[in-house]
>>> print(open('query_11.tsv').read())   # TSV, C-alpha atoms
chain	number	residue	atom	x	y	z
Y	822	MET	CA	0.00	0.00	0.00
Y	823	LYS	CA	1.40	3.38	-1.01
Y	824	PRO	CA	1.90	6.06	1.65
Y	825	ASP	CA	-0.21	9.24	1.58
Y	826	SER	CA	2.90	11.13	0.47
Y	827	TYR	CA	6.40	10.27	-0.69
Y	828	LEU	CA	9.39	11.77	-2.49
Y	829	THR	CA	10.03	10.73	-6.08
Y	830	ILE	CA	11.08	12.25	-9.39
Y	831	ALA	CA	9.14	13.94	-12.16
Y	832	PRO	CA	8.26	11.61	-15.05
Y	833	TYR	CA	11.62	11.47	-16.83
Y	834	GLY	CA	15.08	12.97	-16.98
Y	835	GLU	CA	18.10	12.39	-19.22
Y	836	THR	CA	21.58	13.86	-19.43
Y	837	GLU	CA	25.11	12.90	-20.45
Y	838	ILE	CA	28.51	13.28	-18.82
Y	839	ILE	CA	32.06	12.48	-19.96
Y	840	ILE	CA	34.55	11.14	-17.42
Y	841	GLN	CA	38.08	10.22	-18.52
Y	842	LYS	CA	36.86	9.86	-22.12
Y	843	SER	CA	34.12	7.41	-21.12
Y	844	ARG	CA	30.63	8.50	-22.12
Y	845	PHE	CA	27.92	8.07	-19.50
Y	846	ILE	CA	24.29	8.46	-20.59
Y	847	CYS	CA	22.21	8.95	-17.45
Y	848	ARG	CA	18.45	8.38	-17.33
Y	849	ALA	CA	15.92	8.45	-14.51
Y	850	LYS	CA	12.23	7.58	-14.70
Y	851	HIS	CA	9.29	7.57	-12.32
Y	852	VAL	CA	7.84	4.06	-12.29
Y	853	ALA	CA	4.61	2.82	-10.73
Y	854	THR	CA	5.62	-0.84	-10.35
Y	855	GLU	CA	8.65	-3.12	-10.38
Y	856	ALA	CA	7.47	-4.49	-13.74
Y	857	GLU	CA	7.58	-0.98	-15.18
Y	858	ALA	CA	11.11	-0.51	-13.81
Y	859	VAL	CA	12.25	-3.79	-15.40
Y	860	GLN	CA	10.68	-2.76	-18.71
Y	861	PHE	CA	12.51	0.59	-18.58
Y	862	VAL	CA	15.84	-1.16	-18.00
Y	863	GLN	CA	15.16	-3.59	-20.84
Y	864	GLU	CA	14.27	-0.78	-23.25
Y	865	ILE	CA	17.50	1.09	-22.49
Y	866	SER	CA	19.59	-2.09	-22.74
Y	867	LYS	CA	18.02	-2.90	-26.11
Y	868	LYS	CA	18.51	0.66	-27.40
Y	869	HIS	CA	22.16	0.67	-26.27
Y	870	TRP	CA	22.95	-2.96	-27.05
Y	871	ASP	CA	26.42	-1.86	-28.18
Y	872	ALA	CA	27.27	-0.07	-24.91
Y	873	THR	CA	30.00	-1.39	-22.67
Y	874	HIS	CA	27.61	-1.48	-19.69
Y	875	ASN	CA	24.00	-0.63	-18.86
Y	876	CYS	CA	24.07	-0.39	-15.08
Y	877	TYR	CA	20.94	0.30	-13.11
Y	878	ALA	CA	19.08	0.45	-9.84
Y	879	TYR	CA	15.49	0.97	-8.85
Y	880	HIS	CA	13.71	1.59	-5.58
Y	881	ILE	CA	9.96	1.04	-5.65
Y	882	THR	CA	8.76	0.52	-2.08
Y	883	GLU	CA	10.77	0.19	1.12
Y	884	THR	CA	10.98	-3.56	0.49
Y	885	THR	CA	11.28	-3.60	-3.32
Y	886	GLN	CA	14.62	-2.58	-4.78
Y	887	LYS	CA	17.32	-3.97	-7.03
Y	888	SER	CA	20.63	-2.99	-8.59
Y	889	SER	CA	22.96	-4.41	-11.23
Y	890	ASP	CA	26.61	-3.79	-12.13
Y	891	ASP	CA	26.07	-5.29	-15.61
Y	892	GLY	CA	29.66	-6.47	-15.91
Y	893	GLU	CA	31.42	-3.71	-14.00
Y	894	PRO	CA	33.41	-4.91	-10.95
Y	895	ALA	CA	31.05	-5.98	-8.16
Y	896	GLY	CA	29.73	-3.09	-6.10
Y	897	THR	CA	31.11	-0.31	-8.31
Y	898	ALA	CA	28.02	0.63	-10.34
Y	899	GLY	CA	24.58	-0.68	-9.37
Y	900	ARG	CA	25.03	-0.24	-5.64
Y	901	PRO	CA	26.34	3.36	-5.94
Y	902	ILE	CA	23.35	4.22	-8.17
Y	903	LEU	CA	20.98	2.73	-5.58
Y	904	GLU	CA	22.71	4.61	-2.77
Y	905	VAL	CA	22.11	7.91	-4.58
Y	906	ILE	CA	18.42	7.04	-4.93
Y	907	HIS	CA	18.37	6.28	-1.19
Y	908	ALA	CA	20.18	9.51	-0.37
Y	909	LYS	CA	17.55	11.46	-2.30
Y	910	GLN	CA	14.86	9.49	-0.41
Y	911	CYS	CA	13.15	8.63	-3.68
Y	912	LEU	CA	10.59	5.87	-4.06
Y	913	TYR	CA	9.12	4.58	-7.34
Y	914	THR	CA	12.32	5.61	-9.09
Y	915	ALA	CA	14.48	3.79	-11.66
Y	916	VAL	CA	17.90	4.96	-12.88
Y	917	VAL	CA	19.96	3.52	-15.73
Y	918	VAL	CA	23.51	4.72	-16.43
Y	919	THR	CA	24.86	3.57	-19.80
Y	920	ARG	CA	28.62	3.58	-20.29
Y	921	TYR	CA	30.61	3.65	-23.50
Y	922	PHE	CA	34.21	2.90	-22.51
Y	923	GLY	CA	36.65	5.60	-23.57
Y	924	GLY	CA	39.91	3.67	-23.20
Y	925	ILE	CA	40.95	4.84	-19.74
Y	926	LYS	CA	40.30	2.55	-16.79
Y	927	LEU	CA	38.82	4.36	-13.80
Y	928	GLY	CA	39.60	1.87	-11.04
Y	929	ALA	CA	37.08	0.77	-8.41
Y	930	GLY	CA	36.97	4.14	-6.64
Y	931	GLY	CA	36.69	6.03	-9.91
Y	932	LEU	CA	33.82	3.82	-11.05
Y	933	VAL	CA	31.90	4.36	-7.82
Y	934	ARG	CA	32.31	8.12	-8.18
Y	935	ALA	CA	31.38	8.06	-11.87
Y	936	TYR	CA	28.18	6.04	-11.42
Y	937	SER	CA	27.22	8.03	-8.34
Y	938	GLN	CA	27.69	11.25	-10.32
Y	939	GLY	CA	25.70	9.80	-13.21
Y	940	ALA	CA	22.79	8.79	-11.00
Y	941	ALA	CA	22.71	12.19	-9.32
Y	942	ALA	CA	22.78	13.91	-12.72
Y	943	ALA	CA	19.87	11.79	-13.98
Y	944	ILE	CA	17.75	12.54	-10.92
Y	945	GLU	CA	18.59	16.24	-11.17
Y	946	ALA	CA	17.59	16.22	-14.85
Y	947	ALA	CA	14.20	14.74	-13.93
Y	948	GLY	CA	13.65	16.92	-10.85
Y	949	LEU	CA	12.43	15.95	-7.41
Y	950	VAL	CA	8.77	16.15	-6.51
Y	951	LYS	CA	6.64	15.29	-3.54
Y	952	ARG	CA	3.77	13.06	-4.59
Y	953	MET	CA	0.80	13.51	-2.26
Y	954	MET	CA	-2.62	11.91	-2.17
Y	955	HIS	CA	-5.22	14.61	-2.85
Y	956	GLN	CA	-8.99	14.71	-2.47
Y	957	GLN	CA	-11.10	16.39	-5.12
Y	958	VAL	CA	-13.77	18.74	-3.76
Y	959	ILE	CA	-16.37	19.90	-6.28
Y	960	ILE	CA	-17.90	23.28	-5.45
Y	961	THR	CA	-21.08	24.50	-7.17
Y	962	PHE	CA	-22.23	28.07	-6.60
Y	963	ASP	CA	-24.12	31.04	-8.09
Y	964	TYR	CA	-22.32	33.47	-10.40
Y	965	SER	CA	-22.75	36.20	-7.80
Y	966	PHE	CA	-20.04	34.52	-5.72
Y	967	MET	CA	-17.53	34.15	-8.56
Y	968	GLY	CA	-15.40	37.17	-7.66
Y	969	LYS	CA	-15.23	36.18	-4.00
Y	970	MET	CA	-14.46	32.53	-4.78
Y	971	GLU	CA	-11.77	33.43	-7.30
Y	972	HIS	CA	-10.09	35.73	-4.80
Y	973	GLU	CA	-10.24	33.31	-1.90
Y	974	LEU	CA	-9.41	30.05	-3.71
Y	975	HIS	CA	-6.29	31.47	-5.34
Y	976	ARG	CA	-5.05	32.38	-1.86
Y	977	THR	CA	-5.41	28.83	-0.51
Y	978	GLY	CA	-2.56	27.26	-2.46
Y	979	TYR	CA	-4.72	24.27	-3.36
Y	980	LEU	CA	-4.64	22.81	-6.88
Y	981	LEU	CA	-7.43	24.35	-8.92
Y	982	GLU	CA	-9.00	22.98	-12.08
Y	983	THR	CA	-10.55	25.27	-14.67
Y	984	PRO	CA	-14.09	26.14	-13.54
Y	985	SER	CA	-17.01	25.10	-15.74
Y	986	PHE	CA	-19.89	27.44	-16.43
Y	987	ALA	CA	-23.51	26.38	-16.91
Y	988	ASP	CA	-26.58	27.43	-14.92
Y	989	LYS	CA	-24.12	27.73	-12.04
Y	990	VAL	CA	-20.36	27.67	-11.64
Y	991	SER	CA	-18.78	24.31	-10.87
Y	992	TRP	CA	-15.20	24.37	-9.65
Y	993	ALA	CA	-13.09	21.33	-8.76
Y	994	VAL	CA	-10.39	21.89	-6.15
Y	995	TRP	CA	-7.77	19.36	-5.02
Y	996	THR	CA	-6.74	19.44	-1.36
Y	997	PRO	CA	-4.17	17.25	0.39
Y	998	LEU	CA	-6.00	14.25	1.79
Y	999	GLY	CA	-7.35	15.13	5.21
Y	1000	GLU	CA	-7.70	18.87	4.52
Y	1001	GLU	CA	-10.98	18.68	2.61
Y	1002	GLN	CA	-13.10	19.48	5.68
Y	1003	LYS	CA	-11.14	22.70	6.19
Y	1004	LEU	CA	-11.92	23.77	2.61
Y	1005	ILE	CA	-15.58	22.84	2.98
Y	1006	GLU	CA	-15.86	25.03	6.09
Y	1007	GLN	CA	-14.11	27.92	4.33
Y	1008	VAL	CA	-16.36	27.73	1.28
Y	1009	THR	CA	-19.45	27.51	3.48
Y	1010	ASN	CA	-18.32	30.70	5.19
Y	1011	TRP	CA	-17.46	32.53	1.94
Y	1012	THR	CA	-20.84	31.73	0.37
Y	1013	HIS	CA	-22.94	31.97	3.54
Y	1014	GLY	CA	-23.83	28.32	3.18
Y	1015	GLN	CA	-25.20	28.69	-0.33
Y	1016	ALA	CA	-22.62	26.55	-2.16
Y	1017	VAL	CA	-23.13	22.85	-2.82
Y	1018	LEU	CA	-20.05	20.74	-2.09
Y	1019	SER	CA	-19.34	17.13	-2.94
Y	1020	LEU	CA	-16.29	14.88	-2.81
Y	1021	GLY	CA	-14.91	13.54	-6.07
Y	1022	GLU	CA	-11.96	11.28	-6.71
Y	1023	ALA	CA	-8.82	10.80	-4.64
Y	1024	GLU	CA	-5.50	10.50	-6.47
Y	1025	TYR	CA	-1.83	11.40	-6.27
Y	1026	LYS	CA	-0.70	14.85	-7.36
Y	1027	ASP	CA	2.88	16.08	-7.78
Y	1028	VAL	CA	3.93	19.01	-5.65
Y	1029	PRO	CA	7.24	20.60	-6.83
Y	1030	LEU	CA	9.91	21.00	-4.16
>>> encode(input="query_11.tsv", output="structure tokens")
Amino acid sequence: MKPDSYLTIAPYGETEIIIQKSRFICRAKHVATEAEAVQFVQEISKKHWDATHNCYAYHITETTQKSSDDGEPAGTAGRPILEVIHAKQCLYTAVVVTRYFGGIKLGAGGLVRAYSQGAAAAIEAAGLVKRMMHQQVIITFDYSFMGKMEHELHRTGYLLETPSFADKVSWAVWTPLGEEQKLIEQVTNWTHGQAVLSLGEAEYKDVPL
């Protein structure tokens, strides 16, 4: 079961670094399941079938994680990538660092630093986000309250959808799970109890850090 909130990365990030003539292509992806992480690794490995190594790590839940050195000396690639993911406290995150050997051996310490740097660069390229479970609150009210509602809702910091206009205004607002009652009380106060409120869906929303 997923937590109400967790740190992860935005959908995808990619960058490239050169270390001692070796080319490192660094990719990070938000994944929903371990199967999706495995598929991501397979796609990169197939695309870069001619690479010297396609090293990776993923961390899904606290108990689901894996790393691979893909032919690099044991502990010099996959584990450092995983440690960077841990250090960033990211869940549901997969990172693949592809290496094209440039002719200069890096040594065990150099490899650890290179793959750590590559993982950090991939995560930075994607960007960190906080994924929080949100509750949708649907507010329906008369047009006479539109100015007041616009003013007040934009001050709340909640995620606002585009309002729809028919006989009345219908506006969907997303609040962090557990804060919906606070919004309901505020709206009731702003409209003197004349708004109709109902709860919609609950789903994860990304909150930039």
>>> residues_around(input="query_11.tsv", residues="Y:Gly978", least_positions_apart="5", cutoff="12 Å", atoms="all atoms listed in the file", output="PyMOL selection string")
chain Y and resi 972-973+994-997+1004+1028
>>> atom_distance(input="query_11.tsv", atom1="atom CA of Y:Lys823", atom2="atom CA of Y:Glu857")
16.1 Å
>>> residues_around(input="query_11.tsv", residues="Y:Ser826", least_positions_apart="3", cutoff="10 Å", atoms="all atoms listed in the file", output="PyMOL selection string")
chain Y and resi 823+829+951-955+997-998+1025-1027
>>> residues_near_point(input="query_11.tsv", point="(16.8, 12.2, -0.2)", cutoff="12 Å", atoms="only C-alpha atoms", output="PyMOL selection string")
chain Y and resi 827-830+903-912+914+941+944-945+949-951+1030
>>> residues_around(input="query_11.tsv", residues="stretch 1011-1024 of chain Y", least_positions_apart="6", cutoff="9 Å", atoms="all atoms listed in the file", output="ChimeraX atom specification")
/Y:953-963,966,969-970,973,993,995,998,1001,1005
>>> residues_around(input="query_11.tsv", residues="Y:Tyr833", least_positions_apart="2", cutoff="10 Å", atoms="all atoms listed in the file", output="list in words")
Ile830, Ala831, Glu835, Arg848, Ala849, Lys850, His851, Val852, Thr914, Ala915, Val916, Ala943, Ile944, Ala946, Ala947 and Gly948 of chain Y
>>> atom_distance(input="query_11.tsv", atom1="atom CA of Y:Glu837", atom2="atom CA of Y:Ala895")
23.3 Å
